>>> print(open('run28.cif').read())   # mmCIF, C-alpha atoms
data_model
#
loop_
_atom_site.label_atom_id
_atom_site.label_comp_id
_atom_site.auth_asym_id
_atom_site.auth_seq_id
_atom_site.Cartn_x
_atom_site.Cartn_y
_atom_site.Cartn_z
CA MET I 1 -14.82 -51.40 9.60
CA ASP I 2 -15.72 -48.66 7.21
CA THR I 3 -13.32 -46.58 5.14
CA LEU I 4 -13.62 -43.50 7.33
CA SER I 5 -12.50 -45.44 10.42
CA VAL I 6 -9.49 -46.84 8.58
CA VAL I 7 -8.52 -43.35 7.38
CA VAL I 8 -8.85 -41.93 10.90
CA VAL I 9 -6.74 -44.74 12.39
CA VAL I 10 -4.06 -44.39 9.68
CA PHE I 11 -4.03 -40.62 10.15
CA ALA I 12 -3.74 -40.99 13.94
CA VAL I 13 -0.86 -43.47 13.61
CA CYS I 14 0.94 -41.19 11.13
CA ALA I 15 0.42 -38.20 13.42
CA LEU I 16 1.77 -40.18 16.36
CA ILE I 17 4.84 -41.26 14.39
CA ALA I 18 5.43 -37.69 13.20
CA TRP I 19 5.12 -36.40 16.76
CA TYR I 20 7.59 -39.03 18.03
CA LEU I 21 10.12 -38.21 15.30
CA SER I 22 9.76 -34.49 15.96
CA TYR I 23 10.14 -35.03 19.71
CA SER I 24 13.22 -37.21 19.18
CA ALA I 25 14.83 -34.67 16.84
CA ALA I 26 14.17 -31.82 19.28
CA ARG I 27 15.59 -33.86 22.15
CA LEU I 28 18.70 -34.68 20.17
CA ASP I 29 19.09 -31.02 19.28
CA ARG I 30 18.84 -30.04 22.97
CA LEU I 31 21.45 -32.67 23.84
CA HIS I 32 23.81 -31.31 21.19
CA GLY I 33 23.26 -27.84 22.61
CA ARG I 34 24.09 -29.15 26.06
CA VAL I 35 27.36 -30.58 24.71
CA GLU I 36 28.27 -27.23 23.15
CA GLY I 37 27.49 -25.40 26.39
CA ALA I 38 29.51 -27.87 28.43
CA LEU I 39 32.44 -27.56 26.01
CA THR I 40 32.34 -23.78 26.30
CA ALA I 41 32.30 -24.04 30.10
CA LEU I 42 35.22 -26.49 30.01
CA ASP I 43 37.22 -24.14 27.78
CA ALA I 44 36.58 -21.29 30.20
CA GLN I 45 37.67 -23.38 33.18
CA LEU I 46 40.83 -24.50 31.37
CA VAL I 47 41.71 -20.86 30.69
CA ARG I 48 41.10 -19.98 34.34
CA ARG I 49 43.32 -22.84 35.48
CA ALA I 50 46.10 -21.74 33.12
CA GLU I 51 45.80 -18.12 34.29
CA ALA I 52 45.87 -19.17 37.96
CA THR I 53 48.91 -21.33 37.27
CA LEU I 54 50.65 -18.45 35.51
CA GLU I 55 49.83 -16.21 38.47
CA LEU I 56 51.35 -18.79 40.86
CA ALA I 57 54.45 -19.07 38.67
CA ASN I 58 54.89 -15.28 38.67
CA SER I 59 54.18 -14.86 42.40
CA GLY I 60 57.80 -15.47 43.42
CA VAL I 61 57.01 -18.18 45.97
CA LEU I 62 58.34 -21.05 43.85
CA ASP I 63 61.92 -21.85 42.97
CA PRO I 64 62.92 -20.50 39.53
CA ALA I 65 62.94 -23.92 37.82
CA SER I 66 59.41 -24.77 39.03
CA ALA I 67 58.17 -21.29 38.15
CA LEU I 68 59.60 -21.62 34.63
CA LEU I 69 58.08 -25.08 34.21
CA LEU I 70 54.64 -23.86 35.29
CA ALA I 71 54.85 -20.68 33.22
CA GLY I 72 55.73 -22.64 30.10
CA ALA I 73 52.96 -25.19 30.54
CA ALA I 74 50.39 -22.50 31.37
CA SER I 75 51.41 -20.42 28.35
CA GLU I 76 51.04 -23.42 26.06
CA SER I 77 47.58 -24.03 27.48
CA LEU I 78 46.54 -20.42 26.89
CA GLU I 79 47.89 -20.51 23.33
CA ALA I 80 45.98 -23.73 22.63
CA ALA I 81 42.79 -22.08 23.89
CA ASP I 82 43.27 -19.14 21.51
CA GLU I 83 43.95 -21.30 18.46
CA ARG I 84 41.43 -24.13 19.10
CA HIS I 85 44.44 -26.42 18.91
CA THR I 86 43.72 -30.04 18.08
CA GLY I 87 46.20 -31.47 20.61
CA ARG I 88 44.51 -29.72 23.51
CA GLU I 89 44.16 -32.88 25.60
CA ALA I 90 47.93 -33.50 25.58
CA ILE I 91 48.65 -29.86 26.43
CA GLU I 92 46.23 -29.89 29.37
CA SER I 93 47.70 -33.18 30.61
CA ASP I 94 51.16 -31.58 30.39
CA LEU I 95 49.94 -28.67 32.53
CA THR I 96 48.58 -31.10 35.12
CA HIS I 97 51.87 -33.01 35.17
CA ALA I 98 53.81 -29.75 35.49
CA LEU I 99 51.65 -28.82 38.48
CA GLU I 100 52.29 -32.24 40.03
CA LEU I 101 56.05 -31.82 39.60
CA ALA I 102 56.23 -28.23 40.79
CA LEU I 103 53.88 -28.64 43.75
CA SER I 104 55.63 -31.40 45.64
CA PRO I 105 55.04 -31.72 49.39
CA ASP I 106 58.24 -29.73 50.02
CA ALA I 107 57.12 -26.97 47.66
CA LEU I 108 53.70 -26.82 49.31
CA ALA I 109 55.37 -26.50 52.72
CA HIS I 110 57.59 -23.71 51.38
CA ILE I 111 54.57 -21.88 49.94
CA ALA I 112 52.80 -22.17 53.31
CA GLN I 113 55.83 -20.51 54.96
CA GLU I 114 55.93 -17.72 52.38
CA GLY I 115 52.66 -16.30 53.61
CA GLU I 116 49.43 -14.97 52.24
CA ILE I 117 50.42 -14.31 48.61
CA GLY I 118 51.54 -17.87 47.96
CA GLU I 119 48.59 -19.38 49.81
CA ALA I 120 46.11 -17.26 47.83
CA ALA I 121 47.70 -18.16 44.49
CA LEU I 122 47.79 -21.83 45.45
CA ALA I 123 44.14 -21.72 46.53
CA ARG I 124 43.17 -20.24 43.14
CA VAL I 125 45.03 -23.03 41.33
CA ALA I 126 43.38 -25.68 43.51
CA ALA I 127 39.90 -24.20 42.98
CA ALA I 128 40.45 -23.85 39.23
CA SER I 129 41.71 -27.43 39.01
CA GLN I 130 38.64 -28.71 40.79
CA ARG I 131 36.34 -26.74 38.46
CA VAL I 132 38.19 -28.21 35.46
CA GLN I 133 37.49 -31.71 36.77
CA LEU I 134 33.80 -30.93 37.19
CA ALA I 135 33.48 -29.23 33.80
CA ARG I 136 35.18 -32.16 32.06
CA ARG I 137 32.83 -34.61 33.79
CA PHE I 138 29.75 -32.57 32.82
CA HIS I 139 30.98 -32.42 29.22
CA ASN I 140 31.68 -36.15 29.07
CA ASP I 141 28.27 -36.92 30.59
CA ALA I 142 26.58 -34.77 27.94
CA VAL I 143 28.59 -36.46 25.18
CA THR I 144 27.67 -39.90 26.51
CA ASP I 145 23.97 -38.93 26.45
CA VAL I 146 24.22 -37.77 22.83
CA GLN I 147 26.07 -40.91 21.78
CA ARG I 148 23.47 -43.10 23.49
CA VAL I 149 20.57 -41.36 21.72
CA ARG I 150 22.33 -41.38 18.36
CA ARG I 151 22.81 -45.16 18.57
CA LYS I 152 19.04 -45.69 18.52
CA ARG I 153 17.70 -47.18 15.29
CA VAL I 154 15.03 -44.52 14.83
CA VAL I 155 17.63 -41.75 14.98
CA ARG I 156 19.87 -43.53 12.47
CA TRP I 157 17.07 -44.62 10.07
CA PHE I 158 15.46 -41.19 9.85
CA ARG I 159 18.79 -39.32 10.09
CA LEU I 160 17.51 -37.17 12.93
CA ALA I 161 21.04 -35.98 13.76
CA GLY I 162 21.31 -34.35 10.35
CA HIS I 163 24.90 -33.52 9.51
CA ALA I 164 25.96 -32.86 13.10
CA GLU I 165 29.27 -34.40 14.00
CA LEU I 166 29.21 -37.09 16.68
CA PRO I 167 30.79 -35.47 19.76
CA GLN I 168 33.65 -37.20 21.51
CA THR I 169 34.58 -37.31 25.17
CA ILE I 170 37.60 -35.36 26.33
CA GLU I 171 40.16 -37.28 28.31
CA PHE I 172 43.20 -35.78 29.97
CA ALA I 173 44.92 -35.90 33.34
CA ASP I 174 43.25 -33.37 35.62
CA GLU I 175 43.59 -34.73 39.16
CA LEU I 176 46.01 -33.16 41.60
CA PRO I 177 45.87 -35.26 44.78
CA LEU I 178 48.23 -33.04 46.78
CA LEU I 179 46.16 -29.93 46.08
CA GLU I 180 42.91 -31.73 46.90
CA ARG I 181 44.26 -32.76 50.29
CA SER I 182 45.73 -29.34 51.09
CA GLY I 183 42.78 -27.32 49.64
#
>>> encode(input="run28.cif", output="structure tokens")
Amino acid sequence: MDTLSVVVVVFAVCALIAWYLSYSAARLDRLHGRVEGALTALDAQLVRRAEATLELANSGVLDPASALLLAGAASESLEAADERHTGREAIESDLTHALELALSPDALAHIAQEGEIGEAALARVAAASQRVQLARRFHNDAVTDVQRVRRKRVVRWFRLAGHAELPQTIEFADELPLLERSG
């Protein structure tokens, strides 16, 4: 083999490696963007759930203790959204638990008797809760994809992630079985 052939082969291999590294870096960047978008969507859905809960608490269809419990938990959730609070998972779990306590089968029956206002507010809470579940799942799926790609040797060896922080999944209680059955 002559020198020109060796140079062409070496150049082709280097070009192929450069293309692969560039492709991998761009893919990782897109995945990080997907995580950011999913996190933004999750934040928006959490705010909607808190607002719907606050609306239900202020609708007058719940007993005063349940309304106060829901209003407090929803207000904490809204404050955490404004401050980018680090304990957001615990606050959102507290809101879910407050909804579970306040929306017992007896309370749901009472709301159904109260009429259209209570039913509409309850339907908004149920819909918002379901969207929170979906948004959290989409976010966690995106995070899992990023983590899987960042574990690859090529990504680690060539530092294709740069200085980007490794995203983490978000885990909190978000299931409301009574609302899912009644919704």
>>> closest_residue(input="run28.cif", among="I:Arg148, I:His110, I:His97, I:Arg137", to="Leu62 of chain I", atoms="all atoms listed in the file")
I:His110
>>> resolve_selection(input="run28.cif", expression="the PyMOL selection byres ((chain I and resi 103) around 10)", output="ChimeraX atom specification")
/I:62,66,70,97-102,104-111,122,176,178-179
>>> closest_residue(input="run28.cif", among="I:Ala112, I:Ala127, I:Leu42, I:Ala161", to="Ala81 of chain I", atoms="all atoms listed in the file")
I:Leu42
>>> resolve_selection(input="run28.cif", expression="the PyMOL selection byres ((chain I and resi 43) around 12)", output="count of residues only")
33
>>> closest_atom_pairs(input="run28.cif", of="segment 67-171 of chain I", to="segment 8-26 of chain I", cutoff="12 Å", atoms="all atoms listed in the file", output="tab-separated table")
residue	atom	partner	partner_atom	distance
I:Val146	CA	I:Ala25	CA	11.6
I:Val149	CA	I:Ser24	CA	8.8
I:Arg150	CA	I:Ser24	CA	10.1
I:Lys152	CA	I:Ser24	CA	10.3
I:Arg153	CA	I:Ser24	CA	11.6
I:Val154	CA	I:Leu21	CA	8.0
I:Val155	CA	I:Ser24	CA	7.6
I:Arg156	CA	I:Ala25	CA	11.1
I:Trp157	CA	I:Leu21	CA	10.8
I:Phe158	CA	I:Leu21	CA	8.2
I:Arg159	CA	I:Ala25	CA	9.1
I:Leu160	CA	I:Ala25	CA	5.4
I:Ala161	CA	I:Ala25	CA	7.1
I:Gly162	CA	I:Ala25	CA	9.2
I:Ala164	CA	I:Ala25	CA	11.9
>>> closest_residue(input="run28.cif", among="I:Val7, I:Ser129, I:Ser93, I:Val143", to="Glu165 of chain I", atoms="all atoms listed in the file")
I:Val143
>>> atom_distance(input="run28.cif", atom1="atom CA of Val125 of chain I", atom2="atom CA of Glu175 of chain I")
12.0 Å
>>> residues_near_point(input="run28.cif", point="(47.0, -43.0, 25.0)", cutoff="10 Å", atoms="all atoms listed in the file", output="ChimeraX atom specification")
/I:90,171-172
